[in-house]
Amino acid sequence: MTEPYLRIEKLTKVYERGQVLALDALSLDVEKREFLVVIGLSGSGKSTLLRCINRLIEPTSGRIMLGSVDLTRLSPERMRKMRRRMGMIFQHFNLIRRAPVITNVLTGRLGYMPGWKAMLGMFSKEDQDRALESLERVGLREKAYVRADELSGGQQQRVGIARALMQEPEILLADEPVSALDPATSHSIMQYLEWMNREREVTVLASLHFLSLARRYGTRIVALKDGQRVFDGPPAEIDNAKFKEIYGEDAEEVEVR
Amino acid sequence: MAKPLSSRLAGSGVTLKARALSFFIDWVVWGYIAYGVMFFLNYYWYTVHVDWWGTLTLPTWGWPLVVLGTLEMAGLCRALGRSLGKRALGLNLVGEHGQRLRRGQRIYRFLLWNITLPIQPILYALRRPLLHERRSSTQLVHSPRAPGVKGKSSLLTQWGIMAVFLCVFTVWLGWLITEINVPVLISRAPTAGRIWSQMVSPDFRYFIEPDPVFALRGLSYSILNLMVVTIFMALLATILGAIFALPVSFAGARNIMGHNALGWAVYAVVRGLFNVFRSIETVLWALVFAVWVGWGTPFAGVLALTVHTIAALGKLYSEQVESIDPGPLEAIVAVGGSRWQVIRYAVLPQVVPSFWAFTLYRWDINVRMSTIIALVGGGGIGDMLFYYKNEGLWRMVGAVVIVIVAVVWSMDYISGRLRERIA
Ligand SMILES: Nc1ncnc2c1ncn2[C@@H]1O[C@H](COP(=O)(O)OP(=O)(O)OP(=O)(O)O)[C@@H](O)[C@H]1O
Ligand SMILES: [Mg+2]
């Protein structure tokens, strides 16, 4: 058997404050071009898992192997280089609210720029064209010079996607990308992620709250509970019994159409 | 939910630090009351010798008695009900299972507390249940209000009554200590009236033309000249202060400096310096610089204003940086941005509007400060003001004061309008 693309080994995270065991020796292999959806109750450790992968959160112990590189051992500087290849999309979009949309998209190139140019905001012509192209891709070309906080939630998330596109990522980490959006908008955002996964060959790791969305877009579903894996398999395998195990006895499934 | 590790540990949820702090507050309250009582005894009956700065002549056994007595009073009140210290930290005393306590239980707890006091830190370090809590079946818990008193006006609770009492007590004590004397205020009113009546008919003779009196010192002082100097003192101090405070303020923000040892050290030093320099008032800085670079020179005033501005703005800026939305920071880190890029793209856009507002606000303060800083050798319009005052030339004083009021008012207005624009 060949090495998996992304291998997570015995990943553990203890939050010092509050003494919470958020990830409990979690192991997980992810293949290239997978669309992996992480589900689980609030507090089950989904965000912690995704943020450990690009080390926005420092794991307490365990290894994260990307190819032959152990991400948990990289120096801050090398981790920074590595992050250029990992896009991230956030529940609350995390845009620079007072800056125009185009600047937000351009920040996706920061990792590739020499320091002083970035400080002066001197983005190359090439990057600017690319930014407009990315905005075109998510259907926001005409909003390029509008302030980011003047957009609707769905539009802001599309800016987030355009920002990730600028990185030309290999991996996309999406932490509840649609939790702040209505069902119709959710589908449109998920379709962009699906497009990145299929056309751009990006490996996607997304956490979602709705099982119906997970079933519809995921090629594989992993369920967490108390920082441990309680399910791992194709979407079709989640039946009623499994559902109750993941979400507890009293849970009812909610459809998002 | 993930399992909290703390639930596996013994001991209730309130940390030693919180307990100690809330006890300390109560002890300070009783210490204050003891001090006040001794002051009253001395003031009305001369039984204890004490003067207001706190020198006490008590018998040798008196001091330990006061310390012990206040400690015991604090402990007793804490056991019996809702004290100020418990209220301040949102602590409450309940039974093992959260039920209300009987009076006997409370007194039992207090007695046990007295006996076990020396070993309590040890029990805490070993993470063992506290002896006095276990034996009296009581525990200290976090709760914003005591159970069963919902809806009761807070002034009628035990701590509320204590707070009101302390206010009344302080006014009474302060009245005696600061020697408030209402009859003098009234009987001497005519004197003040004479000065006022001269000041409201000001003499603008030296508005543009320099007053020859100052020519003896080789100075050409007119109100207009000095007002220009004063305004520039304020402007220069504000701009220089902001320029120096801006970069340093990032080093004084927790979220920028990270959580490693070096980050903590830099943060602590920078914040410490800000606090020390800020608590030394501008007039004190002026005293220092007046001796250093020359009495009555505007240069001394600028230096004094600048130093205080750096410290004051630095602290405000740092706090602003600490209160920003961490989301964009995360996003810039996630795309592979460096620390500098995070500051440039995620922090600055969020803080710039409030930085402007703070700077303009500081400008207001500096304008007002610069008009009186001459009192301690800082130069500017105050130099003229205090000369006329010392000579009793109240019409001249009136002219200077009117110009100061007009300038301060118009600067206030301008900066207020600018702030509105930005907000
Ligand atoms: N910064 C933090 N400090 C302390 N504890 C934290 C911190 N962040 C998360 N936790 C705790 O870690 C556990 C897992 O949190 P995490 O955010 O990973 O859950 P989640 O599955 O993303 O939940 P949600 O669906 O609500 O976003 C929770 O119990 C949470 O309280
Ligand atoms: Mg989450």
# chains A, B, ... in the order shown; residues from 1 in each chain; ligands from 1

$ closest_atom_pairs --of "chain A" --to "ligand 1" --cutoff "12 Å" --atoms "only C-alpha atoms and all ligand atoms" --output "tab-separated table"
residue	atom	partner	partner_atom_place_in_ligand_line	distance
A:Thr12	CA	ligand 1	12 (O)	11.3
A:Lys13	CA	ligand 1	12 (O)	8.4
A:Val14	CA	ligand 1	12 (O)	7.9
A:Tyr15	CA	ligand 1	4 (C)	4.8
A:Glu16	CA	ligand 1	4 (C)	6.7
A:Arg17	CA	ligand 1	4 (C)	5.1
A:Gly18	CA	ligand 1	4 (C)	5.5
A:Gln19	CA	ligand 1	4 (C)	7.2
A:Val20	CA	ligand 1	5 (N)	5.8
A:Leu21	CA	ligand 1	12 (O)	6.7
A:Ala22	CA	ligand 1	13 (C)	4.3
A:Leu23	CA	ligand 1	14 (C)	7.4
A:Asp24	CA	ligand 1	14 (C)	10.6
A:Val38	CA	ligand 1	21 (O)	8.9
A:Ile39	CA	ligand 1	21 (O)	7.8
A:Gly40	CA	ligand 1	21 (O)	6.2
A:Leu41	CA	ligand 1	25 (O)	5.9
A:Ser42	CA	ligand 1	25 (O)	3.5
A:Gly43	CA	ligand 1	19 (O)	3.4
A:Ser44	CA	ligand 1	21 (O)	4.0
A:Gly45	CA	ligand 1	18 (O)	3.1
A:Lys46	CA	ligand 1	21 (O)	3.8
A:Ser47	CA	ligand 1	22 (O)	3.6
A:Thr48	CA	ligand 1	18 (O)	3.7
A:Leu49	CA	ligand 1	18 (O)	6.5
A:Leu50	CA	ligand 1	18 (O)	8.3
A:Arg51	CA	ligand 1	18 (O)	8.4
A:Cys52	CA	ligand 1	18 (O)	9.7
A:Leu56	CA	ligand 1	1 (N)	10.9
A:Ile57	CA	ligand 1	1 (N)	8.6
A:Glu58	CA	ligand 1	1 (N)	10.9
A:Pro59	CA	ligand 1	18 (O)	11.8
A:Phe90	CA	ligand 1	27 (O)	10.8
A:Gln91	CA	ligand 1	27 (O)	8.9
A:His92	CA	ligand 1	27 (O)	11.3
A:Ala174	CA	ligand 1	22 (O)	11.3
A:Asp175	CA	ligand 1	22 (O)	7.7
A:Glu176	CA	ligand 1	27 (O)	7.4
A:Pro177	CA	ligand 1	27 (O)	10.9
A:Val178	CA	ligand 1	25 (O)	11.9
A:Ser179	CA	ligand 1	25 (O)	9.3
A:Ala180	CA	ligand 1	27 (O)	11.7
A:Ala206	CA	ligand 1	22 (O)	11.1
A:Ser207	CA	ligand 1	22 (O)	7.9
A:Leu208	CA	ligand 1	25 (O)	8.1
A:His209	CA	ligand 1	25 (O)	7.0
A:Phe210	CA	ligand 1	25 (O)	10.7
A:Ala223	CA	ligand 1	21 (O)	10.0
A:Leu224	CA	ligand 1	21 (O)	7.8
A:Lys225	CA	ligand 1	21 (O)	8.3
A:Asp226	CA	ligand 1	14 (C)	7.7
A:Gly227	CA	ligand 1	14 (C)	7.2
A:Gln228	CA	ligand 1	14 (C)	10.9
A:Arg229	CA	ligand 1	21 (O)	12.0
A:Tyr247	CA	ligand 1	25 (O)	11.8

$ write_last_selection --atoms "C-alpha atoms" --output "mmCIF file, in the first residue's frame"
data_model
loop_
_atom_site.group_PDB
_atom_site.id
_atom_site.type_symbol
_atom_site.label_atom_id
_atom_site.label_comp_id
_atom_site.auth_asym_id
_atom_site.auth_seq_id
_atom_site.Cartn_x
_atom_site.Cartn_y
_atom_site.Cartn_z
ATOM 1 C CA THR A 12 -4.175 15.088 20.801
ATOM 2 C CA LYS A 13 -5.119 18.568 21.880
ATOM 3 C CA VAL A 14 -5.632 19.639 25.478
ATOM 4 C CA TYR A 15 -6.700 23.241 25.982
ATOM 5 C CA GLU A 16 -4.784 24.455 29.014
ATOM 6 C CA ARG A 17 -7.453 26.964 29.836
ATOM 7 C CA GLY A 18 -10.446 24.981 31.004
ATOM 8 C CA GLN A 19 -8.449 21.725 30.908
ATOM 9 C CA VAL A 20 -10.484 20.374 28.003
ATOM 10 C CA LEU A 21 -9.454 17.301 26.055
ATOM 11 C CA ALA A 22 -10.630 18.426 22.610
ATOM 12 C CA LEU A 23 -8.895 15.776 20.470
ATOM 13 C CA ASP A 24 -8.196 12.381 21.965
ATOM 14 C CA VAL A 38 -16.248 16.128 9.352
ATOM 15 C CA ILE A 39 -19.455 16.058 11.354
ATOM 16 C CA GLY A 40 -20.243 15.887 15.038
ATOM 17 C CA LEU A 41 -22.014 17.723 17.825
ATOM 18 C CA SER A 42 -20.986 21.177 18.881
ATOM 19 C CA GLY A 43 -17.810 20.850 20.926
ATOM 20 C CA SER A 44 -16.830 17.498 19.452
ATOM 21 C CA GLY A 45 -13.509 18.886 18.194
ATOM 22 C CA LYS A 46 -14.165 19.605 14.495
ATOM 23 C CA SER A 47 -12.707 23.106 14.482
ATOM 24 C CA THR A 48 -9.800 21.970 16.628
ATOM 25 C CA LEU A 49 -8.956 19.221 14.129
ATOM 26 C CA LEU A 50 -9.031 21.512 11.099
ATOM 27 C CA ARG A 51 -7.043 24.238 12.857
ATOM 28 C CA CYS A 52 -4.400 21.783 14.006
ATOM 29 C CA LEU A 56 -3.544 27.859 13.779
ATOM 30 C CA ILE A 57 -3.762 25.795 16.958
ATOM 31 C CA GLU A 58 -0.663 24.008 18.245
ATOM 32 C CA PRO A 59 -1.419 20.307 18.815
ATOM 33 C CA PHE A 90 -14.083 30.310 7.923
ATOM 34 C CA GLN A 91 -17.564 30.256 9.409
ATOM 35 C CA HIS A 92 -17.519 34.005 9.927
ATOM 36 C CA ALA A 174 -13.340 24.715 5.456
ATOM 37 C CA ASP A 175 -14.537 25.186 9.030
ATOM 38 C CA GLU A 176 -18.333 25.311 8.921
ATOM 39 C CA PRO A 177 -18.309 27.326 5.714
ATOM 40 C CA VAL A 178 -22.094 27.558 5.514
ATOM 41 C CA SER A 179 -23.236 27.743 9.152
ATOM 42 C CA ALA A 180 -23.931 31.451 8.929
ATOM 43 C CA ALA A 206 -14.863 20.562 5.533
ATOM 44 C CA SER A 207 -16.790 20.508 8.784
ATOM 45 C CA LEU A 208 -20.541 20.740 8.437
ATOM 46 C CA HIS A 209 -23.493 20.801 10.782
ATOM 47 C CA PHE A 210 -26.099 19.384 8.440
ATOM 48 C CA ALA A 223 -17.864 11.748 12.630
ATOM 49 C CA LEU A 224 -16.285 12.982 15.857
ATOM 50 C CA LYS A 225 -17.544 12.690 19.395
ATOM 51 C CA ASP A 226 -15.569 13.940 22.376
ATOM 52 C CA GLY A 227 -12.483 14.220 20.190
ATOM 53 C CA GLN A 228 -12.659 10.611 19.008
ATOM 54 C CA ARG A 229 -13.701 9.121 15.700
ATOM 55 C CA TYR A 247 -25.795 12.949 17.614
#

$ select_by_dssp --residues "range 130-227 of chain A" --states "helix (DSSP H, G or I)" --output "count of residues only"
52

$ residues_around --residues "Trp113 in chain B" --least-positions-apart "3" --cutoff "9 Å" --atoms "only C-alpha atoms" --output "mmCIF file with C-alpha atoms, in the first residue's frame"
data_model
loop_
_atom_site.group_PDB
_atom_site.id
_atom_site.type_symbol
_atom_site.label_atom_id
_atom_site.label_comp_id
_atom_site.auth_asym_id
_atom_site.auth_seq_id
_atom_site.Cartn_x
_atom_site.Cartn_y
_atom_site.Cartn_z
ATOM 1 C CA GLY B 75 -13.769 36.060 58.171
ATOM 2 C CA TYR B 108 -19.069 26.113 62.404
ATOM 3 C CA ARG B 109 -17.368 26.859 59.099
ATOM 4 C CA PHE B 110 -15.962 30.080 60.514
ATOM 5 C CA THR B 116 -7.232 25.229 59.504
ATOM 6 C CA LEU B 117 -6.019 28.530 58.039
ATOM 7 C CA GLN B 120 -5.208 25.614 53.565
ATOM 8 C CA LEU B 131 -10.790 20.696 55.546
ATOM 9 C CA HIS B 132 -13.095 23.417 56.852
ATOM 10 C CA GLU B 133 -15.340 23.078 53.842
#

$ residues_around --residues "range 184-195 of chain B" --least-positions-apart "5" --cutoff "12 Å" --atoms "only C-alpha atoms" --output "ChimeraX atom specification"
/B:179,200-202,389,392-398

$ closest_residue --among "B:Gly258, B:Gly90, B:Gly95, B:Pro326" --to "chain A" --atoms "only C-alpha atoms"
B:Pro326

$ select_by_dssp --residues "range 79-140 of chain A" --states "strand (DSSP E)" --output "count of residues only"
4

$ closest_atom_pairs --of "range 151-231 of chain A" --to "range 126-141 of chain A" --cutoff "9 Å" --atoms "only C-alpha atoms" --output "Markdown table"
| residue | atom | partner | partner_atom | distance |
| --- | --- | --- | --- | --- |
| A:Gln155 | CA | A:Leu140 | CA | 7.6 |
| A:Arg158 | CA | A:Val138 | CA | 6.0 |
| A:Val159 | CA | A:Leu135 | CA | 7.1 |
| A:Ile161 | CA | A:Val138 | CA | 7.7 |
| A:Ala162 | CA | A:Ser134 | CA | 5.2 |
| A:Arg163 | CA | A:Ser134 | CA | 7.9 |
| A:Leu165 | CA | A:Ser134 | CA | 6.6 |
| A:Met166 | CA | A:Ala131 | CA | 6.8 |
| A:Tyr192 | CA | A:Val138 | CA | 7.6 |

$ residues_around --residues "range 68-72 of chain A" --least-positions-apart "4" --cutoff "8 Å" --atoms "only C-alpha atoms" --output "list in words"
Ile53, Asn54, Arg55, Glu58, Pro59, Gly62, Arg63, Ile64 and Met79 of chain A

$ write_last_selection --atoms "all heavy atoms" --output "PDB file, in the first residue's frame"
ATOM      1  N   ILE A  53      -4.383  21.197  11.641  1.00  0.00           N
ATOM      2  CA  ILE A  53      -3.721  20.808  10.395  1.00  0.00           C
ATOM      3  C   ILE A  53      -2.873  21.953   9.849  1.00  0.00           C
ATOM      4  O   ILE A  53      -1.741  21.738   9.428  1.00  0.00           O
ATOM      5  CB  ILE A  53      -4.765  20.327   9.364  1.00  0.00           C
ATOM      6  CG1 ILE A  53      -5.390  19.019   9.863  1.00  0.00           C
ATOM      7  CG2 ILE A  53      -4.113  20.114   7.997  1.00  0.00           C
ATOM      8  CD1 ILE A  53      -6.508  18.489   9.008  1.00  0.00           C
ATOM      9  N   ASN A  54      -3.383  23.181   9.855  1.00  0.00           N
ATOM     10  CA  ASN A  54      -2.498  24.284   9.433  1.00  0.00           C
ATOM     11  C   ASN A  54      -1.900  25.022  10.624  1.00  0.00           C
ATOM     12  O   ASN A  54      -1.371  26.115  10.492  1.00  0.00           O
ATOM     13  CB  ASN A  54      -3.205  25.237   8.469  1.00  0.00           C
ATOM     14  CG  ASN A  54      -4.351  25.979   9.115  1.00  0.00           C
ATOM     15  OD1 ASN A  54      -4.646  25.767  10.284  1.00  0.00           O
ATOM     16  ND2 ASN A  54      -4.990  26.847   8.352  1.00  0.00           N
ATOM     17  N   ARG A  55      -2.004  24.408  11.763  1.00  0.00           N
ATOM     18  CA  ARG A  55      -1.372  24.886  13.009  1.00  0.00           C
ATOM     19  C   ARG A  55      -1.761  26.304  13.378  1.00  0.00           C
ATOM     20  O   ARG A  55      -0.934  27.081  13.877  1.00  0.00           O
ATOM     21  CB  ARG A  55       0.141  24.721  12.938  1.00  0.00           C
ATOM     22  CG  ARG A  55       0.501  23.332  13.421  1.00  0.00           C
ATOM     23  CD  ARG A  55       1.964  23.027  13.420  1.00  0.00           C
ATOM     24  NE  ARG A  55       2.824  23.998  14.064  1.00  0.00           N
ATOM     25  CZ  ARG A  55       4.140  24.039  13.857  1.00  0.00           C
ATOM     26  NH1 ARG A  55       4.712  23.195  13.050  1.00  0.00           N
ATOM     27  NH2 ARG A  55       4.869  24.928  14.475  1.00  0.00           N
ATOM     28  N   GLU A  58      -1.772  24.946  18.086  1.00  0.00           N
ATOM     29  CA  GLU A  58      -0.663  24.008  18.245  1.00  0.00           C
ATOM     30  C   GLU A  58      -1.176  22.725  18.881  1.00  0.00           C
ATOM     31  O   GLU A  58      -1.730  22.751  19.972  1.00  0.00           O
ATOM     32  CB  GLU A  58       0.425  24.619  19.140  1.00  0.00           C
ATOM     33  CG  GLU A  58       1.228  25.715  18.481  1.00  0.00           C
ATOM     34  CD  GLU A  58       2.061  25.225  17.295  1.00  0.00           C
ATOM     35  OE1 GLU A  58       2.438  24.038  17.270  1.00  0.00           O
ATOM     36  OE2 GLU A  58       2.313  26.048  16.380  1.00  0.00           O
ATOM     37  N   PRO A  59      -0.992  21.563  18.217  1.00  0.00           N
ATOM     38  CA  PRO A  59      -1.419  20.307  18.815  1.00  0.00           C
ATOM     39  C   PRO A  59      -0.578  20.006  20.056  1.00  0.00           C
ATOM     40  O   PRO A  59       0.565  20.442  20.147  1.00  0.00           O
ATOM     41  CB  PRO A  59      -1.131  19.267  17.724  1.00  0.00           C
ATOM     42  CG  PRO A  59      -0.728  20.012  16.520  1.00  0.00           C
ATOM     43  CD  PRO A  59      -0.378  21.405  16.905  1.00  0.00           C
ATOM     44  N   GLY A  62       1.175  14.133  18.924  1.00  0.00           N
ATOM     45  CA  GLY A  62       0.745  13.461  17.710  1.00  0.00           C
ATOM     46  C   GLY A  62       1.462  14.021  16.497  1.00  0.00           C
ATOM     47  O   GLY A  62       2.198  15.013  16.600  1.00  0.00           O
ATOM     48  N   ARG A  63       1.236  13.375  15.340  1.00  0.00           N
ATOM     49  CA  ARG A  63       1.914  13.820  14.121  1.00  0.00           C
ATOM     50  C   ARG A  63       0.902  14.094  13.020  1.00  0.00           C
ATOM     51  O   ARG A  63      -0.154  13.473  12.960  1.00  0.00           O
ATOM     52  CB  ARG A  63       2.880  12.734  13.634  1.00  0.00           C
ATOM     53  CG  ARG A  63       3.973  12.429  14.632  1.00  0.00           C
ATOM     54  CD  ARG A  63       5.180  11.866  13.923  1.00  0.00           C
ATOM     55  NE  ARG A  63       4.861  10.616  13.215  1.00  0.00           N
ATOM     56  CZ  ARG A  63       5.704  10.018  12.361  1.00  0.00           C
ATOM     57  NH1 ARG A  63       6.882  10.565  12.105  1.00  0.00           N
ATOM     58  NH2 ARG A  63       5.365   8.893  11.755  1.00  0.00           N
ATOM     59  N   ILE A  64       1.245  15.024  12.157  1.00  0.00           N
ATOM     60  CA  ILE A  64       0.438  15.275  10.964  1.00  0.00           C
ATOM     61  C   ILE A  64       1.398  15.207   9.771  1.00  0.00           C
ATOM     62  O   ILE A  64       2.227  16.091   9.595  1.00  0.00           O
ATOM     63  CB  ILE A  64      -0.237  16.655  11.016  1.00  0.00           C
ATOM     64  CG1 ILE A  64      -1.099  16.778  12.268  1.00  0.00           C
ATOM     65  CG2 ILE A  64      -1.088  16.875   9.771  1.00  0.00           C
ATOM     66  CD1 ILE A  64      -1.597  18.180  12.532  1.00  0.00           C
ATOM     67  N   MET A  79       6.624  26.453   8.377  1.00  0.00           N
ATOM     68  CA  MET A  79       5.182  26.230   8.444  1.00  0.00           C
ATOM     69  C   MET A  79       4.464  27.310   7.645  1.00  0.00           C
ATOM     70  O   MET A  79       3.480  27.056   6.948  1.00  0.00           O
ATOM     71  CB  MET A  79       4.726  26.263   9.907  1.00  0.00           C
ATOM     72  CG  MET A  79       3.272  25.860  10.101  1.00  0.00           C
ATOM     73  SD  MET A  79       2.957  24.160   9.613  1.00  0.00           S
ATOM     74  CE  MET A  79       1.379  24.336   8.794  1.00  0.00           C
TER      75      MET A  79
END

$ closest_residue --among "A:Ile171, A:Met82, A:Met122, A:Val105" --to "chain B" --atoms "only C-alpha atoms"
A:Met82

$ atom_distance --atom1 "CA of Asn114 in chain B" --atom2 "CA of Leu65 in chain B"
15.7 Å

$ residues_around --residues "Glu194 in chain A" --least-positions-apart "6" --cutoff "10 Å" --atoms "only C-alpha atoms" --output "count of residues only"
8

$ atom_distance --atom1 "CA of Ala311 in chain B" --atom2 "CA of Leu240 in chain B"
11.8 Å

$ closest_residue --among "A:Arg73, A:Lys32, A:Lys117, A:Lys244" --to "chain B" --atoms "only C-alpha atoms"
A:Lys117

$ residues_around --residues "Ala300 in chain B" --least-positions-apart "4" --cutoff "6 Å" --atoms "only C-alpha atoms" --output "ChimeraX atom specification"
/B:289-290,378

$ atom_distance --atom1 "CA of Val213 in chain B" --atom2 "CA of Asp383 in chain B"
12.5 Å
